[in-house]
Structures are given as C-alpha cells and as structure tokens.
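**Student:** One structure coming up, written as structure tokens, with questions to follow.
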Amino acid sequence: MTTSTAFPHLFDSLTIGPLSLRNRTILAPMCMYSITEHDGVPGSWHQVHLGARAAGGFGMVVAEATAVSPEARISPADVGLWNDTQRDAWAPIVETIRSYGALPAVQLAHAGAKASTEPGLPGYTGASVGIDDDGWQTVSPSGINPVSGLAETRELSTEQVRQVVADFVDAARRADEAGFEAVMIHAAHGYLIHQFLSPVTNQRTDEYGGSVENRTRLLREILAEVRAVWPAEKILGLRISGSDYVEGSWSLDDSAELIAGLVDTPQARAQYGLDWVDVSSGGIGDTYRGPSGPGYQLHLAERIHRVAEATRDSERPLTVSAVGIITEPGQAQQIVLSGQADAVSIGRAALADPNWPARASVELRPNSEIPFPPQYHRAQRAL
Ligand SMILES: Cc1cc2nc3c(=O)[nH]c(=O)nc-3n(C[C@H](O)[C@H](O)[C@H](O)COP(=O)(O)O)c2cc1C
C-alpha cells in the first residue's frame, strides 16, 4: 500500500485514514439538479452518472452536495439525506459505485442564505425561488447574504444553530447506513458553514460569532459530533474555500490556522478525527477575485498540504487533495509527484469524459494496474 512514497504516481494507491483508494483521482462533488419531484430522493440519473465514473476509473467518487435538511438545499431539485426514503434510494447507487472499484463518498451540505435558488441548469438564472413556488425562507448566521440579489435571509437562533449540527449528524448516520465509506463536510463556496467562518456574513454576538474561535465553532462542532457517530473505519473529510479573496473575509492564513487547529494535537486528532481536506476557493462576494486558469487553486492546496505535514508520522495522516481546472494527465501527475497535494479532484473534465482516469492511465503508463474496465479494454487501442 502506498501512502507517501518518495515519488508518488497518480495511479499509486492512496491510504486515506483507514481506507485505501485504488489511485489518486477523485470525482469532485457536482450538483446535478435532477430531482424533478423536489423530494430530495436520488434516482436513475445518479446511478448512471456516478456509476459511469466509478467504472471510468476514479479512486473515489463523491456524490454531490446532499442536503441535511429540506431548507439546506441549494435548489428544490437537489438531493438530500434528511429522511430514510432518501437513504434507501442512495443504497443501490452506493453499491454500484463500490462494485466498479471506487470508494463511495458523499458531500453533506447546507446552503444557508444561498439556498432556495433556481437549479444551475441551462434556462435558469440562479435567482431565488419564491416561497409560493416550491421555495422556502433561507437561514444564515446574521441575516446577511454572501452575494447580492437573493431573497432576504433570516438569522438563525442559537437553538437553531444547534439543530443544524444535529441535522449534519443525522445525515451522516444515514450516509453510513446507505453504505457510503467517506463523508465530506461542505464548508466552502459561501454556503452556510462558510457564512459562519467569514466575519463579512457572520456578525453574531453569541458563541457562534465574533472571535475566530467562535466563528469556527459551528464547523468544529459538526466535525466532532459527526465523528462521534461516523465509524472509525470510514473516512471523514472536509471541503474548504482556502480563501474567498474578499478583504476582511476568509483568507488562506485563516484556513491554515483552522486546519492546524484540527490536527495539531493528539486531543484534536481524537476529537475531530479529520482524515481528508479538499481545498477549493471563493463563494463570498459577487465576483470571484482569485487567480484563474489551469491549477488556479493549487497554491491553496499546497499551503494546506504543508500544514498536514505535521501529521505525516501519525497513525492517521491528513490527506490533502487539490481541485480546479486540473484537466491534463501530466498536470495531475505533476501535482502528486511534486508533493503539492496527495490527490486530485476532477470536476468538469469528468463531466466531459467519465473515463478520465482510465484514459489518463493509458497516457501515463503506471507500473500499477490501470483502472480500465475489462469490457472497454479494446478502447485502449483507440487512444
Ligand atoms: C455542475 C457543477 C456542479 C457543482 N456542484 C458542486 C457541489 O455540489 N459541491 C461542491 O463542493 N462543488 C461543486 N462544484 C464545484 C466542483 O466540485 C469543482 O470544485 C469545480 O468545478 C472546479 O473543478 P474543475 O475545474 O475540475 O471543474 C460544482 C461544479 C460544477 C461544474
């Protein structure tokens, strides 16, 4: 088993926490906005979409932002894990992912003030959906929207914040029952947890606002309480916006300090049990102010990877994955070889090509087994 060799290869296996991926490619979570019944129950689209990418060779397949409560959805067409019907509908999808060799993971999410919007599909603008139109009253740390133009949002009471933690815990329990082997807590992209992290959107005066300690409390409580119900033999992950590039909001230094605090003592390791961080960016403010182009978020992952170095010799080192316009096999290989990150998450390139890893493996010629489905082996001659 390869965790960190001197010269890691994209197609070396990777140990994350207690489990192993067949290679270092991860399907990034991507909303499909495909639930026409608006009941959060995944269906045949998810089976086909996620199953195809497992068959296409990904080491881990992360199902999209999955709402922990009805009001946590970005749009009425989102999936959820707030009831047992949804759990039971996920179970065969999870089994399909596993049966094609990928580790099944799910991203648990709450959109907060950015909820109740139109689906991100052609023909829609992403505007708020009215309460009379299958939408709902959105909630947030301080009644402040992280982007303009959305419907008015309501401040959560302290008691309601505690309920959000409980909703994440319940959803994690159902994710376990459905067979998922990893959960990723969505703390990025200007959604609810990120809204709590940023002083721009969090101006609370209770124990969830003010100091860094208080603004990170919701996330730390979610991690600790999810870890308490999430089996030790499964992976607990987190997605952060390494920076949102808004002055006075959430910076790379804040992220580095947050992650260090989650892993730097044996007590913190035991309390949060964080195995994996995927480093994205943005989500607060109307325009994205960060760099653009291939690997545009890599510097953020690299910094967090350096923080994770402190855990290298521990029993359960923290794994860091990079994401963002990683489209070329050589580029992905360079990222893991140079130690910028342990793994790469692939988003849009995997929408374009479900077999992205299989194709990349042919190009990169690893010594290890390539993840080409036997049924497709003759395709290699076509590449
Ligand atoms: C259609 C679509 C849906 C997305 N949905 C999610 C999501 O559910 N959760 C999330 O954290 N990021 C989401 N993202 C962001 C991706 O996970 C990824 O971080 C981003 O697309 C950058 O990676 P890429 O350049 O490889 O696409 C989505 C992106 C796309 C294109």
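Just so we're on the same page: first chain in the structure tokens is A, next is B, and so on; residues restart at 1 for each chain, and ligands are numbered from 1 in the order they show up.
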Mind listing the strand (DSSP E) residues of range 111-175 of chain A, per DSSP on the backbone, as a list of chain:residue names?
**Tutor:** A:Thr138, A:Val139, A:Ser140, A:Thr153, A:Arg154, A:Glu155
**Student:** Using only C-alpha atoms and all ligand atoms, what are the residues with an atom within 8 Å of ligand 1, set out as a PyMOL selection string?
**Tutor:** chain A and resi 28-32+63-66+107+120+186+188-189+239+280+294+323-327+345-351
**Student:** Write out as a PyMOL selection string which residues come within 10 Å of Val212 in chain A when counting only C-alpha atoms, dropping same-chain ones fewer than 5 positions away.
**Tutor:** chain A and resi 196-199+217+254+257-258
**Student:** Between A:Gly237, A:Pro8, A:Pro146, A:Gly56, which residue has the minimum interatomic distance to Gln334 in chain A, considering only C-alpha atoms?
**Tutor:** A:Pro8
**Student:** Nearest to Asp39 in chain A: which of A:Val169, A:Ala115, A:Leu14, A:Ala89 is it, counting only C-alpha atoms?
**Tutor:** A:Ala89
**Student:** List every residue of range 204-239 of chain A that DSSP, applied to the backbone, labels as alpha helix (DSSP H), and write the result as a ChimeraX atom specification.
**Tutor:** /A:212-215,217-229
**Student:** Selected residues, N, CA and C atoms, written as a compact mmCIF listing (two decimals), in the first residue's frame, please.
**Tutor:**
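Dumped everything to out_18.txt:
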# COMPACT_ATOMS: atom_id res chain seq x y z
N VAL A 212 -12.39 34.26 16.07
CA VAL A 212 -12.16 33.13 15.16
C VAL A 212 -12.66 31.85 15.82
N GLU A 213 -12.34 31.73 17.09
CA GLU A 213 -12.77 30.57 17.87
C GLU A 213 -14.29 30.37 17.75
N ASN A 214 -15.03 31.48 17.87
CA ASN A 214 -16.49 31.41 17.81
C ASN A 214 -16.99 31.17 16.39
N ARG A 215 -16.37 31.81 15.40
CA ARG A 215 -16.84 31.66 14.02
C ARG A 215 -16.56 30.27 13.47
N ARG A 217 -16.70 27.66 15.42
CA ARG A 217 -17.33 26.72 16.35
C ARG A 217 -18.33 25.79 15.65
N LEU A 218 -19.16 26.35 14.76
CA LEU A 218 -20.17 25.51 14.09
C LEU A 218 -19.47 24.37 13.35
N LEU A 219 -18.45 24.70 12.57
CA LEU A 219 -17.73 23.67 11.82
C LEU A 219 -17.09 22.65 12.77
N ARG A 220 -16.46 23.15 13.83
CA ARG A 220 -15.79 22.21 14.74
C ARG A 220 -16.80 21.31 15.45
N GLU A 221 -17.94 21.87 15.79
CA GLU A 221 -18.97 21.03 16.42
C GLU A 221 -19.50 19.99 15.44
N ILE A 222 -19.70 20.40 14.19
CA ILE A 222 -20.19 19.43 13.19
C ILE A 222 -19.17 18.31 13.03
N LEU A 223 -17.89 18.67 12.89
CA LEU A 223 -16.87 17.63 12.71
C LEU A 223 -16.83 16.69 13.91
N ALA A 224 -16.79 17.26 15.10
CA ALA A 224 -16.66 16.44 16.31
C ALA A 224 -17.88 15.54 16.50
N GLU A 225 -19.07 16.12 16.26
CA GLU A 225 -20.28 15.33 16.52
C GLU A 225 -20.56 14.32 15.41
N VAL A 226 -20.18 14.68 14.18
CA VAL A 226 -20.29 13.69 13.10
C VAL A 226 -19.30 12.55 13.36
N ARG A 227 -18.08 12.93 13.76
CA ARG A 227 -17.06 11.88 14.01
C ARG A 227 -17.54 10.90 15.08
N ALA A 228 -18.30 11.41 16.03
CA ALA A 228 -18.76 10.55 17.13
C ALA A 228 -19.73 9.47 16.64
N VAL A 229 -20.45 9.73 15.53
CA VAL A 229 -21.37 8.70 15.01
C VAL A 229 -20.83 8.03 13.75
**Student:** Rounded to one decimal in Å, what is the spacing between CA of Ile193 in chain A and CA of Ile74 in chain A?
**Tutor:**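 Rounded to one decimal, the two atoms are 13.6 Å apart.
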**Student:** Got a sec: who's within 8 Å of Trp90 in chain A, counting only C-alpha atoms, leaving out chain neighbours fewer than 5 positions off, as a list in words?
**Tutor:** Val41, Pro42 and Ala178 of chain A
**Student:** Which one is closest to Ala72 in chain A: A:Gly57, A:Gly290, A:Gly40, A:Pro266? Count only C-alpha atoms.
**Tutor:**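 For Ala72 in chain A, the nearest of the candidates is A:Gly40.
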**Student:** One decimal, in Å: what's the spacing between CA of Ala379 in chain A and CA of Ile335 in chain A?
**Tutor:**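 CA of Ile335 in chain A lies at a distance of 26.8 Å from CA of Ala379 in chain A.
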**Student:** So the first atom is CA of Asn83 in chain A and the second is CA of Thr216 in chain A; what is the distance between them in Å, to one decimal place?
**Tutor:**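 Computing it gives 27.4 Å between the two atoms.
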**Student:** Would you mind telling me which residue in A:Arg289, A:Arg381, A:His9, A:Arg306 lies nearest to Pro366 in chain A when using only C-alpha atoms?
**Tutor:**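 Answer, going by the shortest atom-to-atom distance: A:His9.
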**Student:** Would you mind listing what lies within 6 Å of Phe58 in chain A as a ChimeraX atom specification, with only C-alpha atoms counted and same-chain residues fewer than 3 positions away left out?
**Tutor:** /A:25-26,54,102,357
**Student:** Can you spit out the residues from that selection as a CSV table (one decimal), in the first residue's frame, using N, CA and C atoms?
**Tutor:**
chain,number,residue,atom,x,y,z
A,25,THR,N,-7.1,9.7,-8.1
A,25,THR,CA,-8.1,10.6,-8.8
A,25,THR,C,-9.4,10.5,-8.0
A,26,ILE,N,-10.0,11.7,-7.8
A,26,ILE,CA,-11.3,11.8,-7.1
A,26,ILE,C,-12.3,12.5,-8.0
A,54,ALA,N,-17.4,5.7,-11.7
A,54,ALA,CA,-16.7,4.6,-10.9
A,54,ALA,C,-16.1,3.6,-11.9
A,102,ALA,N,-14.6,2.0,-7.1
A,102,ALA,CA,-14.3,3.3,-6.5
A,102,ALA,C,-14.8,3.3,-5.1
A,357,PRO,N,-10.0,9.0,-15.7
A,357,PRO,CA,-8.8,8.3,-15.1
A,357,PRO,C,-8.3,7.1,-16.0
**Student:** Could you tell me which of A:Glu363, A:Glu309, A:Asp170, A:Glu315 comes closest to Ala332 in chain A if we count only C-alpha atoms?
**Tutor:**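 Looking at the shortest contact to Ala332 in chain A, the residue is A:Glu363.
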**Student:** With a distance cut-off of 7 Å and only C-alpha atoms, select the neighbouring residues of Asp78 in chain A, excluding the residue or stretch itself and same-chain residues fewer than 3 positions from it, and output the selection as a list in words.
**Tutor:**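 Counting only the stated atoms, we get Tyr33, Ser34, Ile35, Gly40, Arg73, Ile74 and Ser75 of chain A.
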**Student:** Measuring between only C-alpha atoms, which one of A:Gly126, A:Lys234, A:Gln297, A:Ala341 shows the shortest distance to Val183 in chain A?
**Tutor:**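 Checking each of A:Gly126, A:Lys234, A:Gln297, A:Ala341 against Val183 in chain A, counting only C-alpha atoms, the winner is A:Lys234.
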**Student:** Can you pull out every residue within 6 Å of Val279 in chain A, counting only C-alpha atoms, but drop anything in the same chain fewer than 2 positions away, and send it as a VMD selection string?
**Tutor:** chain A and resid 239 to 240 242 301 322
**Student:** I need the chosen residues saved as a CSV table (one decimal), in the first residue's frame, with all heavy atoms.
**Tutor:**
chain,number,residue,atom,x,y,z
A,239,ARG,N,-14.4,20.0,2.9
A,239,ARG,CA,-14.1,20.8,1.8
A,239,ARG,C,-14.1,22.3,2.3
A,239,ARG,O,-15.1,22.7,2.9
A,239,ARG,CB,-15.0,20.7,0.6
A,239,ARG,CG,-14.5,21.5,-0.6
A,239,ARG,CD,-15.3,21.2,-1.9
A,239,ARG,NE,-14.5,20.7,-2.9
A,239,ARG,CZ,-14.8,20.7,-4.2
A,239,ARG,NH1,-16.0,21.1,-4.6
A,239,ARG,NH2,-14.0,20.2,-5.1
A,240,ILE,N,-13.0,23.0,2.0
A,240,ILE,CA,-13.0,24.4,2.4
A,240,ILE,C,-12.7,25.3,1.2
A,240,ILE,O,-12.2,24.8,0.2
A,240,ILE,CB,-11.9,24.7,3.5
A,240,ILE,CG1,-10.5,24.2,3.0
A,240,ILE,CG2,-12.2,24.0,4.8
A,240,ILE,CD1,-9.3,24.7,3.8
A,242,GLY,N,-10.1,27.6,0.5
A,242,GLY,CA,-8.8,28.0,1.1
A,242,GLY,C,-8.8,29.5,1.3
A,242,GLY,O,-8.2,30.0,2.3
A,301,ALA,N,-4.1,24.5,-1.9
A,301,ALA,CA,-3.9,23.1,-1.5
A,301,ALA,C,-2.5,22.9,-1.0
A,301,ALA,O,-2.2,22.2,0.0
A,301,ALA,CB,-4.2,22.2,-2.7
A,322,ALA,N,-6.2,18.5,-4.2
A,322,ALA,CA,-6.3,19.8,-4.9
A,322,ALA,C,-7.4,19.7,-6.0
A,322,ALA,O,-7.7,18.6,-6.5
A,322,ALA,CB,-5.0,20.1,-5.6
